[in-house]
Amino acid sequence: MMNGISKAVALYLAPVLALTATILSLLAFLAPTLFLHDRVALLTVAPSTELVQPGPSSGGVDGPSVFLGSLGSCARTDNGASLNCTFPSVSPQYDLSVLPKNAPTMLLYAPAASTPVFISIALALDVAFLITFTLISLRHKMGKAGGALGTPLLQNVSAGIGFMGFMIGLTSFLVLRMWFGKAVQDFNSSIQAQGAQGPKLVANTGNAFTMIWVAHAFWVVPVMIALTKYHVKSA
């Protein structure tokens with residue numbers, strides 16, 4: 001029974017996890033400029049009196065909102081307005097014009113262009129690993145054509161691609177998390193320092209980071225399986 005379960009995990013579940021992880025990573029990277037404009041972001045600025053008038057009624061305030069991502073931003077003037085998004089770029093210029101003049105907008109700026117570039121490289125490696133790992137896992141269903149997929153060289157290359165994509169992606173998003181975490185802290189502290197005269201806004205890190213951590217948790221299974229195969233064949 002255990003042999004059947006382990007075989008099912010290695011051959012079927014791991015490719016599904018790899019596919020899910022790839023989709024989550026792509027969504028977190030491309031949002032909000034290309035899609036999920038107000039649903040997924042690395043950092044959000046939303047209307048709230050939480051920082052200037054703390055209390056149970058701090059939510060439900062109408063006002064401007066901004067959604068920042070790796071490639072750009074989306075913004076709206078109030079809760080009912082349509083969203084305007086910037087053009088995607090590895091060196092994005094965030095549109096913060098909807099925020100009031102006393103908002104500390106100078107604290108919200110994009111990291112160096114190298115970070116989105118490294119994430120793009122990681123995603124390209126992830127896609128390559130997804131394809132090679134899935135083909136290798138399902139080669140037994142491909143008849144004679146699957147014989148070439150069982151070569152040690154291809155399996156070693158696939159394992160190397162998966163490991164590099166995992167490490168580059170995780171490191172790049174950790175850098176982004178620290179960058180935007182510091183931006184959130186400084187932005188909110190600046191508003192609190194203005195007291196009751198401060199803008200009715202609050203910044204928070206977005207749900208894109210949650211998607212990234214889930215994606216990398218999923219990546220662990222196929223990457224470890226590929227590395228285990230590499231270690232066994234090298235021994």
# chains A, B, ... in the order shown; residues from 1 in each chain; ligands from 1
$ closest_atom_pairs --of "range 165-206 of chain A" --to "range 85-104 of chain A" --cutoff "12 Å" --atoms "only C-alpha atoms" --output "tab-separated table"
residue	atom	partner	partner_atom	distance
A:Ala183	CA	A:Pro104	CA	10.2
A:Val184	CA	A:Pro104	CA	10.8
A:Gln185	CA	A:Pro104	CA	11.6
A:Asp186	CA	A:Pro104	CA	8.8
A:Phe187	CA	A:Pro104	CA	6.2
A:Asn188	CA	A:Pro104	CA	8.8
A:Ser189	CA	A:Pro104	CA	9.7
A:Ser190	CA	A:Pro104	CA	6.7
A:Ile191	CA	A:Ala103	CA	7.1
A:Gln192	CA	A:Ala103	CA	10.9
A:Ala193	CA	A:Pro104	CA	11.0
A:Gln194	CA	A:Asn102	CA	9.0
A:Gly195	CA	A:Asn102	CA	11.8
A:Gln197	CA	A:Asn102	CA	9.0
A:Gly198	CA	A:Asn102	CA	6.9
A:Pro199	CA	A:Ala103	CA	6.0
A:Lys200	CA	A:Ala103	CA	9.0
A:Leu201	CA	A:Ala103	CA	8.1
A:Val202	CA	A:Ala103	CA	10.1
A:Ala203	CA	A:Pro104	CA	10.9
$ write_last_selection --atoms "C-alpha atoms" --output "short mmCIF file (atom, residue, chain, number, x, y, z; two decimals), in the first residue's frame"
data_model
loop_
_atom_site.label_atom_id
_atom_site.label_comp_id
_atom_site.auth_asym_id
_atom_site.auth_seq_id
_atom_site.Cartn_x
_atom_site.Cartn_y
_atom_site.Cartn_z
CA ALA A 183 7.68 50.57 3.07
CA VAL A 184 4.47 49.63 4.92
CA GLN A 185 6.05 50.30 8.30
CA ASP A 186 7.46 53.70 7.26
CA PHE A 187 4.26 54.76 5.46
CA ASN A 188 2.02 53.97 8.41
CA SER A 189 4.43 55.53 10.92
CA SER A 190 4.50 58.74 8.90
CA ILE A 191 0.69 58.94 8.90
CA GLN A 192 0.52 58.25 12.63
CA ALA A 193 3.03 61.05 13.24
CA GLN A 194 0.61 63.51 11.59
CA GLY A 195 -2.07 62.69 14.15
CA GLN A 197 -4.66 65.71 10.50
CA GLY A 198 -3.11 62.77 8.64
CA PRO A 199 -4.68 61.15 5.59
CA LYS A 200 -7.27 58.46 6.21
CA LEU A 201 -5.16 55.69 4.73
CA VAL A 202 -3.42 52.51 5.84
CA ALA A 203 -0.84 50.40 4.04
#
$ closest_residue --among "A:Val52, A:Ala31, A:Phe218, A:Pro116" --to "Cys74 in chain A" --atoms "only C-alpha atoms"
A:Ala31
$ residues_around --residues "Phe133 in chain A" --least-positions-apart "2" --cutoff "10 Å" --atoms "only C-alpha atoms" --output "list in words"
Leu11, Ala14, Pro15, Ala18, Val127, Ala128, Phe129, Leu130, Ile131, Leu135, Ile136, Ser137, Leu138, Arg139, Leu149, Leu154, Gln155, Ser158, Ala159, Ile161, Gly162, Pro222, Val223, Ile225 and Ala226 of chain A
$ select_by_dssp --residues "chain A" --states "strand (DSSP E or B)" --output "short mmCIF file (atom, residue, chain, number, x, y, z; two decimals) with all heavy atoms, in the first residue's frame"
data_model
loop_
_atom_site.label_atom_id
_atom_site.label_comp_id
_atom_site.auth_asym_id
_atom_site.auth_seq_id
_atom_site.Cartn_x
_atom_site.Cartn_y
_atom_site.Cartn_z
N LEU A 43 1.56 45.12 -2.22
CA LEU A 43 1.29 46.14 -1.19
C LEU A 43 0.01 46.86 -1.57
O LEU A 43 -0.21 47.18 -2.74
CB LEU A 43 2.46 47.12 -1.10
CG LEU A 43 2.42 48.18 0.01
CD1 LEU A 43 3.84 48.55 0.45
CD2 LEU A 43 1.69 49.45 -0.44
N THR A 44 -0.81 47.12 -0.58
CA THR A 44 -2.05 47.86 -0.82
C THR A 44 -2.11 49.07 0.10
O THR A 44 -1.67 49.03 1.26
CB THR A 44 -3.29 46.97 -0.55
OG1 THR A 44 -3.29 46.57 0.83
CG2 THR A 44 -3.28 45.74 -1.44
N VAL A 45 -2.64 50.14 -0.43
CA VAL A 45 -2.97 51.33 0.36
C VAL A 45 -4.47 51.53 0.23
O VAL A 45 -4.99 51.72 -0.87
CB VAL A 45 -2.21 52.57 -0.14
CG1 VAL A 45 -2.62 53.80 0.67
CG2 VAL A 45 -0.71 52.37 -0.05
N ALA A 46 -5.17 51.47 1.35
CA ALA A 46 -6.63 51.51 1.35
C ALA A 46 -7.13 52.60 2.30
O ALA A 46 -6.44 52.97 3.25
CB ALA A 46 -7.20 50.15 1.76
N PRO A 47 -8.33 53.11 2.06
CA PRO A 47 -8.91 54.11 2.96
C PRO A 47 -9.26 53.51 4.32
O PRO A 47 -9.86 52.44 4.40
CB PRO A 47 -10.16 54.58 2.22
CG PRO A 47 -10.51 53.46 1.30
CD PRO A 47 -9.20 52.84 0.90
N SER A 65 -7.54 54.18 -3.33
CA SER A 65 -6.85 52.93 -3.07
C SER A 65 -5.78 52.73 -4.13
O SER A 65 -5.94 53.13 -5.28
CB SER A 65 -7.82 51.74 -3.11
OG SER A 65 -8.83 51.86 -2.13
N VAL A 66 -4.67 52.11 -3.70
CA VAL A 66 -3.56 51.83 -4.61
C VAL A 66 -3.12 50.39 -4.39
O VAL A 66 -3.05 49.92 -3.25
CB VAL A 66 -2.37 52.79 -4.37
CG1 VAL A 66 -1.20 52.40 -5.26
CG2 VAL A 66 -2.79 54.22 -4.65
N PHE A 67 -2.83 49.69 -5.49
CA PHE A 67 -2.39 48.30 -5.44
C PHE A 67 -1.05 48.20 -6.18
O PHE A 67 -0.99 48.45 -7.39
CB PHE A 67 -3.43 47.38 -6.08
CG PHE A 67 -4.82 47.56 -5.51
CD1 PHE A 67 -5.69 48.51 -6.07
CD2 PHE A 67 -5.25 46.81 -4.43
CE1 PHE A 67 -6.96 48.68 -5.54
CE2 PHE A 67 -6.52 46.99 -3.91
CZ PHE A 67 -7.37 47.92 -4.46
N LEU A 68 -0.01 47.87 -5.46
CA LEU A 68 1.33 47.83 -6.04
C LEU A 68 1.78 46.40 -6.29
O LEU A 68 1.52 45.50 -5.48
CB LEU A 68 2.34 48.50 -5.09
CG LEU A 68 2.00 49.91 -4.59
CD1 LEU A 68 3.15 50.45 -3.76
CD2 LEU A 68 1.66 50.84 -5.73
N SER A 73 1.41 49.29 -10.99
CA SER A 73 0.38 49.53 -9.98
C SER A 73 -0.96 49.81 -10.62
O SER A 73 -1.05 50.13 -11.81
CB SER A 73 0.78 50.74 -9.10
OG SER A 73 0.79 51.93 -9.88
N CYS A 74 -2.00 49.68 -9.82
CA CYS A 74 -3.36 50.07 -10.19
C CYS A 74 -3.89 50.98 -9.10
O CYS A 74 -3.54 50.82 -7.92
CB CYS A 74 -4.26 48.86 -10.36
SG CYS A 74 -3.83 47.77 -11.74
N ALA A 75 -4.73 51.94 -9.49
CA ALA A 75 -5.24 52.90 -8.51
C ALA A 75 -6.66 53.32 -8.88
O ALA A 75 -7.07 53.24 -10.05
CB ALA A 75 -4.33 54.13 -8.45
N ARG A 76 -7.41 53.74 -7.86
CA ARG A 76 -8.75 54.29 -8.08
C ARG A 76 -8.97 55.41 -7.07
O ARG A 76 -8.42 55.41 -5.96
CB ARG A 76 -9.81 53.21 -7.94
CG ARG A 76 -9.89 52.56 -6.58
CD ARG A 76 -10.82 51.36 -6.60
NE ARG A 76 -10.85 50.69 -5.30
CZ ARG A 76 -11.22 49.43 -5.12
NH1 ARG A 76 -11.58 48.70 -6.18
NH2 ARG A 76 -11.23 48.89 -3.92
N ASN A 84 -7.34 52.35 -12.74
CA ASN A 84 -6.39 52.74 -13.78
C ASN A 84 -5.05 52.09 -13.45
O ASN A 84 -4.53 52.26 -12.34
CB ASN A 84 -6.22 54.26 -13.85
CG ASN A 84 -7.49 54.94 -14.33
OD1 ASN A 84 -8.11 54.49 -15.28
ND2 ASN A 84 -7.87 56.03 -13.67
N CYS A 85 -4.51 51.34 -14.41
CA CYS A 85 -3.27 50.60 -14.17
C CYS A 85 -2.15 51.13 -15.06
O CYS A 85 -2.38 51.56 -16.19
CB CYS A 85 -3.48 49.11 -14.45
SG CYS A 85 -4.71 48.34 -13.37
N LEU A 201 -5.69 56.79 5.53
CA LEU A 201 -5.16 55.69 4.73
C LEU A 201 -4.39 54.72 5.62
O LEU A 201 -3.92 55.10 6.71
CB LEU A 201 -4.20 56.22 3.64
CG LEU A 201 -4.77 57.19 2.61
CD1 LEU A 201 -3.63 57.79 1.80
CD2 LEU A 201 -5.76 56.48 1.70
N VAL A 202 -4.26 53.49 5.15
CA VAL A 202 -3.42 52.51 5.84
C VAL A 202 -2.81 51.60 4.78
O VAL A 202 -3.47 51.24 3.79
CB VAL A 202 -4.23 51.69 6.87
CG1 VAL A 202 -5.31 50.87 6.21
CG2 VAL A 202 -3.30 50.80 7.69
N ALA A 203 -1.55 51.29 4.97
CA ALA A 203 -0.84 50.40 4.04
C ALA A 203 -0.68 49.02 4.65
O ALA A 203 -0.50 48.89 5.87
CB ALA A 203 0.52 50.99 3.69
N ASN A 204 -0.74 48.01 3.81
CA ASN A 204 -0.56 46.63 4.25
C ASN A 204 0.15 45.84 3.16
O ASN A 204 0.00 46.14 1.96
CB ASN A 204 -1.91 45.96 4.55
CG ASN A 204 -2.59 46.52 5.79
OD1 ASN A 204 -2.15 46.31 6.91
ND2 ASN A 204 -3.68 47.26 5.56
N THR A 205 0.91 44.83 3.57
CA THR A 205 1.46 43.92 2.58
C THR A 205 0.31 43.09 2.01
O THR A 205 -0.63 42.76 2.72
CB THR A 205 2.51 42.99 3.20
OG1 THR A 205 1.98 42.37 4.37
CG2 THR A 205 3.77 43.76 3.57
#
$ select_by_dssp --residues "range 61-207 of chain A" --states "alpha helix (DSSP H)" --output "ChimeraX atom specification"
/A:114-137,152-193
$ residues_around --residues "Thr115 in chain A" --least-positions-apart "4" --cutoff "7 Å" --atoms "only C-alpha atoms" --output "list in words"
Pro111, Ile119 and Ser172 of chain A
$ write_last_selection --atoms "C-alpha atoms" --output "PDB file, in the first residue's frame"
ATOM      1  CA  PRO A 111      12.814  48.173  -5.931  1.00  0.00           C
ATOM      2  CA  ILE A 119      11.932  36.718 -10.751  1.00  0.00           C
ATOM      3  CA  SER A 172      13.917  37.363  -4.991  1.00  0.00           C
TER       4      SER A 172
END
$ closest_atom_pairs --of "range 121-225 of chain A" --to "range 32-37 of chain A" --cutoff "12 Å" --atoms "only C-alpha atoms" --output "Markdown table"
| residue | atom | partner | partner_atom | distance |
| --- | --- | --- | --- | --- |
| A:Gly206 | CA | A:Pro32 | CA | 10.8 |
| A:Asn207 | CA | A:Pro32 | CA | 11.3 |
| A:Ala208 | CA | A:Pro32 | CA | 9.5 |
$ write_last_selection --atoms "all heavy atoms" --output "PDB file, in the first residue's frame"
ATOM      1  N   GLY A 206       0.398  42.771   0.726  1.00  0.00           N
ATOM      2  CA  GLY A 206      -0.720  42.146   0.039  1.00  0.00           C
ATOM      3  C   GLY A 206      -0.713  40.633   0.062  1.00  0.00           C
ATOM      4  O   GLY A 206       0.241  39.985   0.519  1.00  0.00           O
ATOM      5  N   ASN A 207      -1.784  40.067  -0.473  1.00  0.00           N
ATOM      6  CA  ASN A 207      -1.950  38.616  -0.474  1.00  0.00           C
ATOM      7  C   ASN A 207      -1.078  37.914  -1.514  1.00  0.00           C
ATOM      8  O   ASN A 207      -1.018  36.683  -1.542  1.00  0.00           O
ATOM      9  CB  ASN A 207      -3.416  38.254  -0.716  1.00  0.00           C
ATOM     10  CG  ASN A 207      -3.962  38.869  -1.999  1.00  0.00           C
ATOM     11  OD1 ASN A 207      -3.288  39.614  -2.696  1.00  0.00           O
ATOM     12  ND2 ASN A 207      -5.218  38.568  -2.295  1.00  0.00           N
ATOM     13  N   ALA A 208      -0.396  38.674  -2.366  1.00  0.00           N
ATOM     14  CA  ALA A 208       0.510  38.050  -3.330  1.00  0.00           C
ATOM     15  C   ALA A 208       1.623  37.292  -2.622  1.00  0.00           C
ATOM     16  O   ALA A 208       2.086  36.248  -3.106  1.00  0.00           O
ATOM     17  CB  ALA A 208       1.104  39.107  -4.262  1.00  0.00           C
TER      18      ALA A 208
END
$ atom_distance --atom1 "CA of Leu26 in chain A" --atom2 "CA of Leu71 in chain A"
11.8 Å
$ residues_around --residues "Asp62 in chain A" --least-positions-apart "2" --cutoff "8 Å" --atoms "only C-alpha atoms" --output "PyMOL selection string"
chain A and resi 47-48+60+64+78-79
$ closest_residue --among "A:Val61, A:Leu51, A:Ala21, A:Ile212" --to "Arg177 in chain A" --atoms "only C-alpha atoms"
A:Ile212
$ closest_residue --among "A:Ile168, A:Leu108, A:Ile23, A:Val157" --to "Ser120 in chain A" --atoms "only C-alpha atoms"
A:Ile168
$ atom_distance --atom1 "CA of Thr151 in chain A" --atom2 "CA of Thr20 in chain A"
26.3 Å
$ atom_distance --atom1 "CA of Gly69 in chain A" --atom2 "CA of Ala41 in chain A"
5.3 Å
$ decode --residues "range 178-214 of chain A" --atoms "C-alpha atoms" --output "compact mmCIF listing (two decimals), in the first residue's frame"
# COMPACT_ATOMS: atom_id res chain seq x y z
CA MET A 178 11.57 42.93 3.17
CA TRP A 179 11.38 45.91 0.79
CA PHE A 180 7.61 46.32 0.93
CA GLY A 181 7.46 45.38 4.61
CA LYS A 182 9.74 48.32 5.38
CA ALA A 183 7.68 50.57 3.07
CA VAL A 184 4.47 49.63 4.92
CA GLN A 185 6.05 50.30 8.30
CA ASP A 186 7.46 53.70 7.26
CA PHE A 187 4.26 54.76 5.46
CA ASN A 188 2.02 53.97 8.41
CA SER A 189 4.43 55.53 10.92
CA SER A 190 4.50 58.74 8.90
CA ILE A 191 0.69 58.94 8.90
CA GLN A 192 0.52 58.25 12.63
CA ALA A 193 3.03 61.05 13.24
CA GLN A 194 0.61 63.51 11.59
CA GLY A 195 -2.07 62.69 14.15
CA ALA A 196 -5.71 63.48 13.43
CA GLN A 197 -4.66 65.71 10.50
CA GLY A 198 -3.11 62.77 8.64
CA PRO A 199 -4.68 61.15 5.59
CA LYS A 200 -7.27 58.46 6.21
CA LEU A 201 -5.16 55.69 4.73
CA VAL A 202 -3.42 52.51 5.84
CA ALA A 203 -0.84 50.40 4.04
CA ASN A 204 -0.56 46.63 4.25
CA THR A 205 1.46 43.92 2.58
CA GLY A 206 -0.72 42.15 0.04
CA ASN A 207 -1.95 38.62 -0.47
CA ALA A 208 0.51 38.05 -3.33
CA PHE A 209 3.11 37.10 -0.73
CA THR A 210 0.78 34.45 0.68
CA MET A 211 0.42 33.01 -2.80
CA ILE A 212 4.21 32.95 -3.20
CA TRP A 213 4.82 31.13 0.09
CA VAL A 214 2.15 28.55 -0.81
